$ cat target-v7.csv   # CSV, C-alpha atoms and all ligand atoms
chain,number,residue,atom,x,y,z
A,956,LEU,CA,91.1,100.7,142.6
A,957,THR,CA,92.4,104.0,141.3
A,958,GLU,CA,89.9,106.3,139.8
A,959,LEU,CA,91.2,107.5,136.4
A,960,ALA,CA,90.1,111.1,136.6
A,961,TYR,CA,91.4,111.9,133.1
A,962,LEU,CA,89.2,109.4,131.5
A,963,PRO,CA,85.4,110.2,131.5
A,964,THR,CA,85.2,113.2,129.2
A,965,ILE,CA,87.3,114.9,126.6
A,966,ASP,CA,87.5,117.9,129.0
A,967,ALA,CA,88.9,115.7,131.8
A,968,ALA,CA,92.0,115.2,129.7
A,969,TYR,CA,92.8,118.9,130.1
A,970,LEU,CA,92.8,118.9,133.9
A,971,ARG,CA,96.3,119.3,135.3
A,972,ARG,CA,96.1,119.4,139.2
A,973,PHE,CA,94.3,117.1,141.5
A,974,ASN,CA,94.0,116.0,145.2
A,975,ALA,CA,94.1,112.4,146.2
A,976,ARG,CA,94.8,110.1,149.1
A,977,VAL,CA,97.6,107.5,149.4
A,978,THR,CA,96.1,104.0,149.4
A,979,ALA,CA,99.3,101.8,149.0
A,980,LEU,CA,103.0,102.3,149.1
A,981,PRO,CA,104.8,99.7,147.0
A,982,PRO,CA,108.6,100.0,147.0
A,983,GLY,CA,109.6,103.2,145.1
A,984,GLY,CA,106.1,104.1,144.3
A,985,VAL,CA,102.7,105.2,145.5
A,986,VAL,CA,99.1,104.2,144.7
A,987,LEU,CA,96.4,106.9,145.0
A,988,ASP,CA,92.6,106.6,145.2
A,989,ARG,CA,92.4,108.8,142.1
A,990,THR,CA,94.8,110.3,139.6
A,991,LEU,CA,95.2,112.5,136.5
A,992,PHE,CA,98.5,110.7,135.6
A,993,TYR,CA,98.1,108.6,132.5
A,994,PRO,CA,99.8,105.2,133.0
A,995,VAL,CA,101.8,103.9,130.0
A,996,GLY,CA,99.6,101.9,127.6
A,997,GLY,CA,97.9,101.8,124.2
A,998,GLY,CA,101.0,103.4,122.5
A,999,GLN,CA,100.8,106.5,124.8
A,1000,PRO,CA,103.7,107.1,127.2
A,1001,ALA,CA,103.2,107.7,130.9
A,1002,ASP,CA,102.7,111.2,132.2
A,1003,HIS,CA,105.4,112.8,134.3
A,1004,GLY,CA,104.9,115.5,136.9
A,1005,THR,CA,105.0,115.9,140.7
A,1006,LEU,CA,103.2,114.7,143.9
A,1007,GLN,CA,103.3,116.9,147.0
A,1008,ARG,CA,102.2,116.3,150.5
A,1009,GLY,CA,101.3,119.4,152.4
A,1010,SER,CA,104.1,121.9,152.3
A,1011,ASP,CA,106.8,119.3,151.7
A,1012,PRO,CA,108.9,119.8,148.5
A,1013,PRO,CA,107.2,118.3,145.4
A,1014,VAL,CA,108.4,114.8,144.5
A,1015,PRO,CA,109.0,114.1,140.8
A,1016,VAL,CA,107.0,111.3,139.3
A,1017,VAL,CA,109.2,109.6,136.7
A,1018,ASP,CA,107.0,106.7,135.5
A,1019,VAL,CA,103.4,105.6,135.8
A,1020,THR,CA,102.2,102.1,135.2
A,1021,LYS,CA,98.9,100.2,135.6
A,1022,SER,CA,98.8,97.0,137.7
A,1023,GLY,CA,95.3,95.5,137.6
A,1024,SER,CA,93.0,98.3,138.6
A,1025,HIS,CA,95.7,100.2,140.5
A,1026,VAL,CA,97.9,103.0,139.0
A,1027,ILE,CA,101.5,103.0,140.4
A,1028,HIS,CA,103.3,106.3,140.4
A,1029,ARG,CA,107.1,105.8,140.5
A,1030,LEU,CA,108.8,108.5,142.4
A,1031,ARG,CA,112.4,109.7,141.7
A,1032,ARG,CA,114.5,107.7,144.1
A,1033,LYS,CA,117.2,110.3,144.7
A,1034,SER,CA,114.7,112.9,145.8
A,1035,GLY,CA,114.1,110.9,148.9
A,1036,GLY,CA,110.5,112.2,148.7
A,1037,GLY,CA,107.7,109.9,149.7
A,1038,ALA,CA,109.8,108.1,152.3
A,1039,THR,CA,107.7,109.4,155.1
A,1040,TRP,CA,104.3,109.1,153.4
A,1041,ALA,CA,101.7,107.0,155.1
A,1042,LEU,CA,98.4,105.4,154.0
A,1043,GLY,CA,95.7,108.0,154.1
A,1044,ASP,CA,98.0,111.0,153.5
A,1045,GLU,CA,96.5,113.6,151.2
A,1046,VAL,CA,98.7,114.7,148.3
A,1047,THR,CA,98.4,117.2,145.5
A,1048,GLY,CA,99.4,116.1,142.0
A,1049,GLU,CA,100.4,118.1,139.0
A,1050,ILE,CA,101.1,116.6,135.6
A,1051,ASP,CA,103.7,117.9,133.2
A,1052,TRP,CA,101.3,119.6,130.8
A,1053,ASP,CA,103.7,120.2,127.8
A,1054,ARG,CA,104.5,116.5,127.7
A,1055,ARG,CA,100.9,115.4,128.1
A,1056,HIS,CA,99.6,117.8,125.5
A,1057,ARG,CA,102.1,116.6,122.9
A,1058,HIS,CA,100.8,113.0,123.7
A,1059,MET,CA,97.2,114.2,123.2
A,1060,ARG,CA,98.1,115.8,119.8
A,1061,LEU,CA,100.1,112.7,118.7
A,1062,HIS,CA,97.3,110.3,119.8
A,1063,THR,CA,94.6,112.2,117.9
A,1064,ALA,CA,96.9,112.5,114.9
A,1065,GLN,CA,97.5,108.7,115.0
A,1066,HIS,CA,93.8,107.9,115.0
A,1067,LEU,CA,93.2,110.2,112.1
A,1068,LEU,CA,96.1,108.8,110.1
A,1069,SER,CA,95.1,105.2,110.9
A,1070,ALA,CA,91.6,105.9,109.7
A,1071,LEU,CA,92.8,107.4,106.4
A,1072,LEU,CA,95.4,104.6,105.9
A,1073,PHE,CA,92.5,102.1,106.3
A,1074,ALA,CA,90.1,104.1,104.0
A,1075,ARG,CA,92.7,104.5,101.2
A,1076,THR,CA,94.6,101.2,101.4
A,1077,GLY,CA,92.4,98.8,103.3
A,1078,LEU,CA,95.3,98.2,105.8
A,1079,ARG,CA,94.5,98.2,109.5
A,1080,THR,CA,96.8,99.4,112.2
A,1081,ARG,CA,98.4,96.6,114.2
A,1082,ASP,CA,100.3,98.7,116.6
A,1083,ALA,CA,101.1,102.4,117.3
A,1084,LEU,CA,103.6,104.1,119.5
A,1085,PHE,CA,104.4,107.8,120.1
A,1086,GLY,CA,106.6,110.1,122.2
A,1087,GLN,CA,108.2,113.5,122.1
A,1088,ASP,CA,107.2,114.9,118.7
A,1089,ARG,CA,107.1,111.6,116.7
A,1090,GLY,CA,104.8,108.7,116.3
A,1091,ARG,CA,104.7,105.5,114.3
A,1092,ILE,CA,101.9,103.3,112.9
A,1093,ASP,CA,102.6,99.6,112.2
A,1094,LEU,CA,100.3,98.3,109.4
A,1095,GLU,CA,99.2,94.7,109.0
A,1096,ARG,CA,100.7,94.3,105.5
A,1097,SER,CA,102.9,96.2,103.1
A,1098,LEU,CA,101.6,99.3,101.5
A,1099,PRO,CA,100.5,98.8,97.9
A,1100,ALA,CA,102.4,101.9,96.6
A,1101,GLU,CA,104.4,104.3,98.7
A,1102,PRO,CA,103.5,107.5,96.8
A,1103,ALA,CA,99.9,107.0,98.0
A,1104,LEU,CA,101.3,108.1,101.4
A,1105,ASP,CA,101.9,111.7,100.3
A,1106,ALA,CA,98.2,112.0,99.3
A,1107,ILE,CA,97.1,110.5,102.6
A,1108,PHE,CA,99.2,112.9,104.6
A,1109,GLY,CA,97.9,115.8,102.5
A,1110,GLU,CA,94.4,114.7,103.2
A,1111,ALA,CA,95.2,114.3,106.9
A,1112,ASN,CA,96.5,117.9,107.2
A,1113,THR,CA,93.5,119.3,105.4
A,1114,LEU,CA,91.2,117.5,107.9
A,1115,LEU,CA,93.3,118.5,110.9
A,1116,ALA,CA,93.2,122.1,109.9
A,1117,SER,CA,89.4,122.0,109.4
A,1118,GLY,CA,88.9,121.6,113.2
A,1119,LEU,CA,86.9,118.4,113.4
A,1120,PRO,CA,85.5,117.9,116.9
A,1121,VAL,CA,86.8,114.9,118.8
A,1122,ARG,CA,84.3,113.2,121.2
A,1123,ILE,CA,84.2,110.3,123.6
A,1124,ARG,CA,81.2,108.0,123.4
A,1125,GLU,CA,80.3,104.9,125.5
A,1126,VAL,CA,78.8,102.1,123.4
A,1127,PRO,CA,77.2,99.1,125.2
A,1128,ARG,CA,79.4,96.0,124.5
A,1129,ALA,CA,76.6,94.1,122.8
A,1130,VAL,CA,75.9,96.9,120.4
A,1131,TRP,CA,79.6,97.3,119.6
A,1132,ASP,CA,80.0,93.6,119.0
A,1133,ARG,CA,77.2,93.6,116.5
A,1134,ALA,CA,78.8,96.4,114.4
A,1135,PRO,CA,82.4,97.2,115.4
A,1136,ALA,CA,84.3,99.8,113.5
A,1137,PRO,CA,85.9,98.0,110.6
A,1138,ARG,CA,89.4,99.3,111.1
A,1139,SER,CA,89.4,98.2,114.7
A,1140,GLY,CA,89.1,94.4,114.2
A,1141,LEU,CA,92.8,93.5,114.5
A,1142,VAL,CA,93.1,93.8,118.3
A,1143,SER,CA,90.4,91.9,120.2
A,1144,LEU,CA,88.9,93.8,123.1
A,1145,PRO,CA,89.1,92.0,126.5
A,1146,ARG,CA,85.8,90.4,127.4
A,1147,GLN,CA,85.1,92.4,130.5
A,1148,ILE,CA,85.2,95.7,128.7
A,1149,ASP,CA,81.6,97.1,128.8
A,1150,PRO,CA,80.7,99.7,127.8
A,1151,VAL,CA,83.3,100.3,125.1
A,1152,ARG,CA,84.9,103.8,125.3
A,1153,VAL,CA,85.3,105.0,121.7
A,1154,ILE,CA,87.0,108.1,120.4
A,1155,GLU,CA,85.1,109.6,117.6
A,1156,ILE,CA,86.7,112.1,115.1
A,1157,ALA,CA,83.6,113.6,113.5
A,1158,GLU,CA,82.7,111.9,110.2
A,1159,VAL,CA,86.2,110.3,109.9
A,1160,ASP,CA,86.9,107.8,112.6
A,1161,VAL,CA,85.6,105.7,115.5
A,1162,CYS,CA,88.0,103.7,117.5
A,1163,PRO,CA,88.0,102.0,121.0
A,1164,CYS,CA,90.7,103.7,123.1
A,1165,GLY,CA,91.6,104.5,126.7
A,1166,GLY,CA,94.0,107.3,125.8
A,1167,THR,CA,93.8,111.1,126.1
A,1168,HIS,CA,92.9,113.2,123.0
A,1169,VAL,CA,92.5,116.9,122.0
A,1170,ARG,CA,89.0,118.5,121.7
A,1171,SER,CA,89.6,119.6,118.1
A,1172,THR,CA,91.8,118.3,115.3
A,1173,ALA,CA,92.9,121.9,114.8
A,1174,GLU,CA,94.9,121.6,118.0
A,1175,VAL,CA,97.1,119.0,116.5
A,1176,GLY,CA,98.8,121.3,114.1
A,1177,THR,CA,100.2,119.5,111.0
A,1178,VAL,CA,101.8,116.1,110.5
A,1179,SER,CA,104.6,115.1,108.1
A,1180,ALA,CA,105.6,111.7,106.8
A,1181,GLU,CA,109.0,110.2,107.4
A,1182,PRO,CA,110.4,107.3,105.3
A,1183,VAL,CA,108.5,104.0,105.8
A,1184,VAL,CA,110.3,101.1,107.3
A,1185,PRO,CA,109.6,97.4,106.4
A,1186,ILE,CA,108.9,95.3,109.5
A,1187,PRO,CA,108.1,91.6,109.7
A,1188,GLY,CA,104.7,91.0,108.1
A,1189,GLY,CA,104.0,94.7,107.4
A,1190,VAL,CA,105.3,98.2,107.2
A,1191,ARG,CA,106.0,100.9,109.7
A,1192,VAL,CA,104.7,104.5,108.9
A,1193,PRO,CA,106.6,107.0,111.0
A,1194,PHE,CA,105.3,110.6,111.3
A,1195,ARG,CA,106.2,113.7,113.2
A,1196,LEU,CA,104.3,116.7,114.5
A,1197,SER,CA,105.0,120.2,113.2
A,1198,GLU,CA,106.5,122.8,115.4
A,1199,GLY,CA,103.9,125.3,116.5
A,1200,GLY,CA,100.3,124.3,116.3
A,1201,GLY,CA,99.2,122.7,119.5
A,1202,THR,CA,97.4,125.7,121.1
A,1203,PRO,CA,94.8,124.2,123.4
A,1204,THR,CA,91.3,125.1,122.4
A,1205,PRO,CA,89.4,127.0,125.1
A,1206,SER,CA,87.5,124.9,127.6
A,1207,GLY,CA,83.9,124.2,126.7
B,1301,ZN,ZN,94.0,105.3,120.8

$ encode --input "target-v7.csv" --output "structure tokens"
Amino acid sequence: LTELAYLPTIDAAYLRRFNARVTALPPGGVVLDRTLFYPVGGGQPADHGTLQRGSDPPVPVVDVTKSGSHVIHRLRRKSGGGATWALGDEVTGEIDWDRRHRHMRLHTAQHLLSALLFARTGLRTRDALFGQDRGRIDLERSLPAEPALDAIFGEANTLLASGLPVRIREVPRAVWDRAPAPRSGLVSLPRQIDPVRVIEIAEVDVCPCGGTHVRSTAEVGTVSAEPVVPIPGGVRVPFRLSEGGGTPTPSG
């Protein structure tokens, strides 16, 4: 089992360096007892960064995946690093913060946009994906009228700028099942998930999520709409992050 050290609080998503022990060495990769590296999933790409043993040169981490309850860090093959690592070795990890922080901004922006799209059109988000400075939201059906999108993005930017706090809450599964958030009904939660980790954007959204988010919507900057794309059974709403913005709020 790998402890997901980025997960328990909103502040934990801001940690960049950690120490851990090697617990398995699958070909080309390493499993640690704990990690700050986010493994690809839920629309959010994997973190990149480095792992370093002692005074050895840092070894680049080029992909991170989850396998059951283990997180596998894929090491850059050409670097030759990691070849002499053994079970129990202590390593220091550092995540690529620019990349991670963009993912945090995009992820919070996506939740807010999905909430507003649901509130204004009744359409739920079927799937979402983001990377670099862009994201996309796949809706369950076609949009009633495209011009409504301008108003929704305008509203999103007003709310982002107002600095709404983003919080993590744990809700007992039985409580969640009695009254789940309406926009979240499309994807069923695996049975074993209890409690349900929800990301709450004050007054605007509640959504189960295992991703990393910013502390305040002001940190996102602004979002702009790109032309929608019809997809089988629905519509894709692409968006991009503004340049600038994205200054991390001070640690609480
Ligand atoms: Zn999410």

$ closest_residue --input "target-v7.csv" --among "A:Ala1001, A:Leu959, A:Val1026, A:Cys1162" --to "Gly984 of chain A" --atoms "all atoms listed in the file"
A:Val1026

$ closest_atom_pairs --input "target-v7.csv" --of "chain A" --to "ligand ZN 1301 (chain B)" --cutoff "8 Å" --atoms "all atoms listed in the file" --output "tab-separated table"
residue	atom	partner	partner_atom	distance
A:Gly997	CA	B:ZN1301	ZN	6.2
A:Gly998	CA	B:ZN1301	ZN	7.4
A:Gln999	CA	B:ZN1301	ZN	8.0
A:His1062	CA	B:ZN1301	ZN	6.1
A:Thr1063	CA	B:ZN1301	ZN	7.5
A:Gln1065	CA	B:ZN1301	ZN	7.6
A:His1066	CA	B:ZN1301	ZN	6.4
A:Ile1154	CA	B:ZN1301	ZN	7.5
A:Cys1162	CA	B:ZN1301	ZN	7.0
A:Pro1163	CA	B:ZN1301	ZN	6.9
A:Cys1164	CA	B:ZN1301	ZN	4.3
A:Gly1165	CA	B:ZN1301	ZN	6.4
A:Gly1166	CA	B:ZN1301	ZN	5.4
A:Thr1167	CA	B:ZN1301	ZN	7.9

$ residues_around --input "target-v7.csv" --residues "Ala1103 of chain A" --least-positions-apart "6" --cutoff "10 Å" --atoms "all atoms listed in the file" --output "number ranges by chain"
A: 1072, 1075-1076

$ closest_residue --input "target-v7.csv" --among "A:His1003, A:Arg1079, A:Arg972, A:Arg1091" --to "Ala1064 of chain A" --atoms "only C-alpha atoms"
A:Arg1091

$ residues_around --input "target-v7.csv" --residues "Ala1111 of chain A" --least-positions-apart "6" --cutoff "9 Å" --atoms "only C-alpha atoms" --output "ChimeraX atom specification"
/A:1064,1067-1068,1071,1177-1178

$ atom_distance --input "target-v7.csv" --atom1 "atom CA of Gly1188 of chain A" --atom2 "atom CA of Leu1078 of chain A"
12.1 Å

$ residues_near_point --input "target-v7.csv" --point "(88.7, 106.0, 140.9)" --cutoff "12 Å" --atoms "only C-alpha atoms" --output "PDB file with C-alpha atoms, in the coordinates of the input"
ATOM      1  CA  LEU A 956      91.100 100.700 142.600  1.00  0.00           C
ATOM      2  CA  THR A 957      92.400 104.000 141.300  1.00  0.00           C
ATOM      3  CA  GLU A 958      89.900 106.300 139.800  1.00  0.00           C
ATOM      4  CA  LEU A 959      91.200 107.500 136.400  1.00  0.00           C
ATOM      5  CA  ALA A 960      90.100 111.100 136.600  1.00  0.00           C
ATOM      6  CA  TYR A 961      91.400 111.900 133.100  1.00  0.00           C
ATOM      7  CA  LEU A 962      89.200 109.400 131.500  1.00  0.00           C
ATOM      8  CA  PRO A 963      85.400 110.200 131.500  1.00  0.00           C
ATOM      9  CA  ALA A 975      94.100 112.400 146.200  1.00  0.00           C
ATOM     10  CA  ARG A 976      94.800 110.100 149.100  1.00  0.00           C
ATOM     11  CA  THR A 978      96.100 104.000 149.400  1.00  0.00           C
ATOM     12  CA  VAL A 986      99.100 104.200 144.700  1.00  0.00           C
ATOM     13  CA  LEU A 987      96.400 106.900 145.000  1.00  0.00           C
ATOM     14  CA  ASP A 988      92.600 106.600 145.200  1.00  0.00           C
ATOM     15  CA  ARG A 989      92.400 108.800 142.100  1.00  0.00           C
ATOM     16  CA  THR A 990      94.800 110.300 139.600  1.00  0.00           C
ATOM     17  CA  LEU A 991      95.200 112.500 136.500  1.00  0.00           C
ATOM     18  CA  SER A1024      93.000  98.300 138.600  1.00  0.00           C
ATOM     19  CA  HIS A1025      95.700 100.200 140.500  1.00  0.00           C
ATOM     20  CA  VAL A1026      97.900 103.000 139.000  1.00  0.00           C
TER      21      VAL A1026
END

$ residues_near_point --input "target-v7.csv" --point "(106.6, 109.0, 105.1)" --cutoff "8 Å" --atoms "all atoms listed in the file" --output "JSON, numbers by chain"
{"A": [1104, 1105, 1179, 1180, 1181, 1182, 1183, 1192, 1193, 1194]}

$ atom_distance --input "target-v7.csv" --atom1 "atom CA of Val1175 of chain A" --atom2 "atom CA of Asp1053 of chain A"
13.1 Å

$ residues_around --input "target-v7.csv" --residues "segment 1019-1023 of chain A" --least-positions-apart "3" --cutoff "7 Å" --atoms "only C-alpha atoms" --output "PyMOL selection string"
chain A and resi 993-995+1001-1002+1026-1029

$ atom_distance --input "target-v7.csv" --atom1 "atom CA of Arg1122 of chain A" --atom2 "atom CA of Leu1061 of chain A"
16.0 Å

$ closest_residue --input "target-v7.csv" --among "A:Asp1088, A:Asp1018, A:Asp1149, A:Glu1155" --to "Asp1051 of chain A" --atoms "only C-alpha atoms"
A:Asp1018

$ closest_residue --input "target-v7.csv" --among "A:Gly1035, A:Gly1176, A:Gly1086, A:Pro1150" --to "Leu1114 of chain A" --atoms "all atoms listed in the file"
A:Gly1176

$ residues_around --input "target-v7.csv" --residues "Ala1038 of chain A" --least-positions-apart "3" --cutoff "10 Å" --atoms "all atoms listed in the file" --output "list in words"
Leu980, Pro982, Gly983, Gly984, Leu1030, Arg1032, Ser1034, Gly1035 and Ala1041 of chain A

$ write_last_selection --input "target-v7.csv" --atoms "C-alpha atoms" --output "mmCIF file, in the frame of the given file"
data_model
loop_
_atom_site.group_PDB
_atom_site.id
_atom_site.type_symbol
_atom_site.label_atom_id
_atom_site.label_comp_id
_atom_site.auth_asym_id
_atom_site.auth_seq_id
_atom_site.Cartn_x
_atom_site.Cartn_y
_atom_site.Cartn_z
ATOM 1 C CA LEU A 980 103.000 102.300 149.100
ATOM 2 C CA PRO A 982 108.600 100.000 147.000
ATOM 3 C CA GLY A 983 109.600 103.200 145.100
ATOM 4 C CA GLY A 984 106.100 104.100 144.300
ATOM 5 C CA LEU A 1030 108.800 108.500 142.400
ATOM 6 C CA ARG A 1032 114.500 107.700 144.100
ATOM 7 C CA SER A 1034 114.700 112.900 145.800
ATOM 8 C CA GLY A 1035 114.100 110.900 148.900
ATOM 9 C CA ALA A 1041 101.700 107.000 155.100
#

$ closest_residue --input "target-v7.csv" --among "A:Val1151, A:Ala1157, A:Ala968, A:Ala1173" --to "Arg1055 of chain A" --atoms "all atoms listed in the file"
A:Ala968

$ closest_atom_pairs --input "target-v7.csv" --of "segment 997-1111 of chain A" --to "segment 1128-1138 of chain A" --cutoff "9 Å" --atoms "only C-alpha atoms" --output "Markdown table"
| residue | atom | partner | partner_atom | distance |
| --- | --- | --- | --- | --- |
| A:Ser1069 | CA | A:Arg1138 | CA | 8.2 |
| A:Ala1070 | CA | A:Arg1138 | CA | 7.1 |
| A:Phe1073 | CA | A:Arg1138 | CA | 6.4 |
| A:Ala1074 | CA | A:Arg1138 | CA | 8.6 |
| A:Gly1077 | CA | A:Arg1138 | CA | 8.4 |
| A:Leu1078 | CA | A:Arg1138 | CA | 8.0 |
| A:Arg1079 | CA | A:Arg1138 | CA | 5.5 |
| A:Thr1080 | CA | A:Arg1138 | CA | 7.5 |

$ closest_residue --input "target-v7.csv" --among "A:Pro1185, A:Pro1015, A:Gly1048, A:Gly996" --to "Lys1033 of chain A" --atoms "only C-alpha atoms"
A:Pro1015

$ axis_aligned_box --input "target-v7.csv" --around "segment 1090-1098 of chain A" --padding-each-side "6 Å" --output "lines of an AutoDock Vina configuration file"
center_x = 102.0
center_y = 101.5
center_z = 108.9
size_x = 17.6
size_y = 26.4
size_z = 26.8
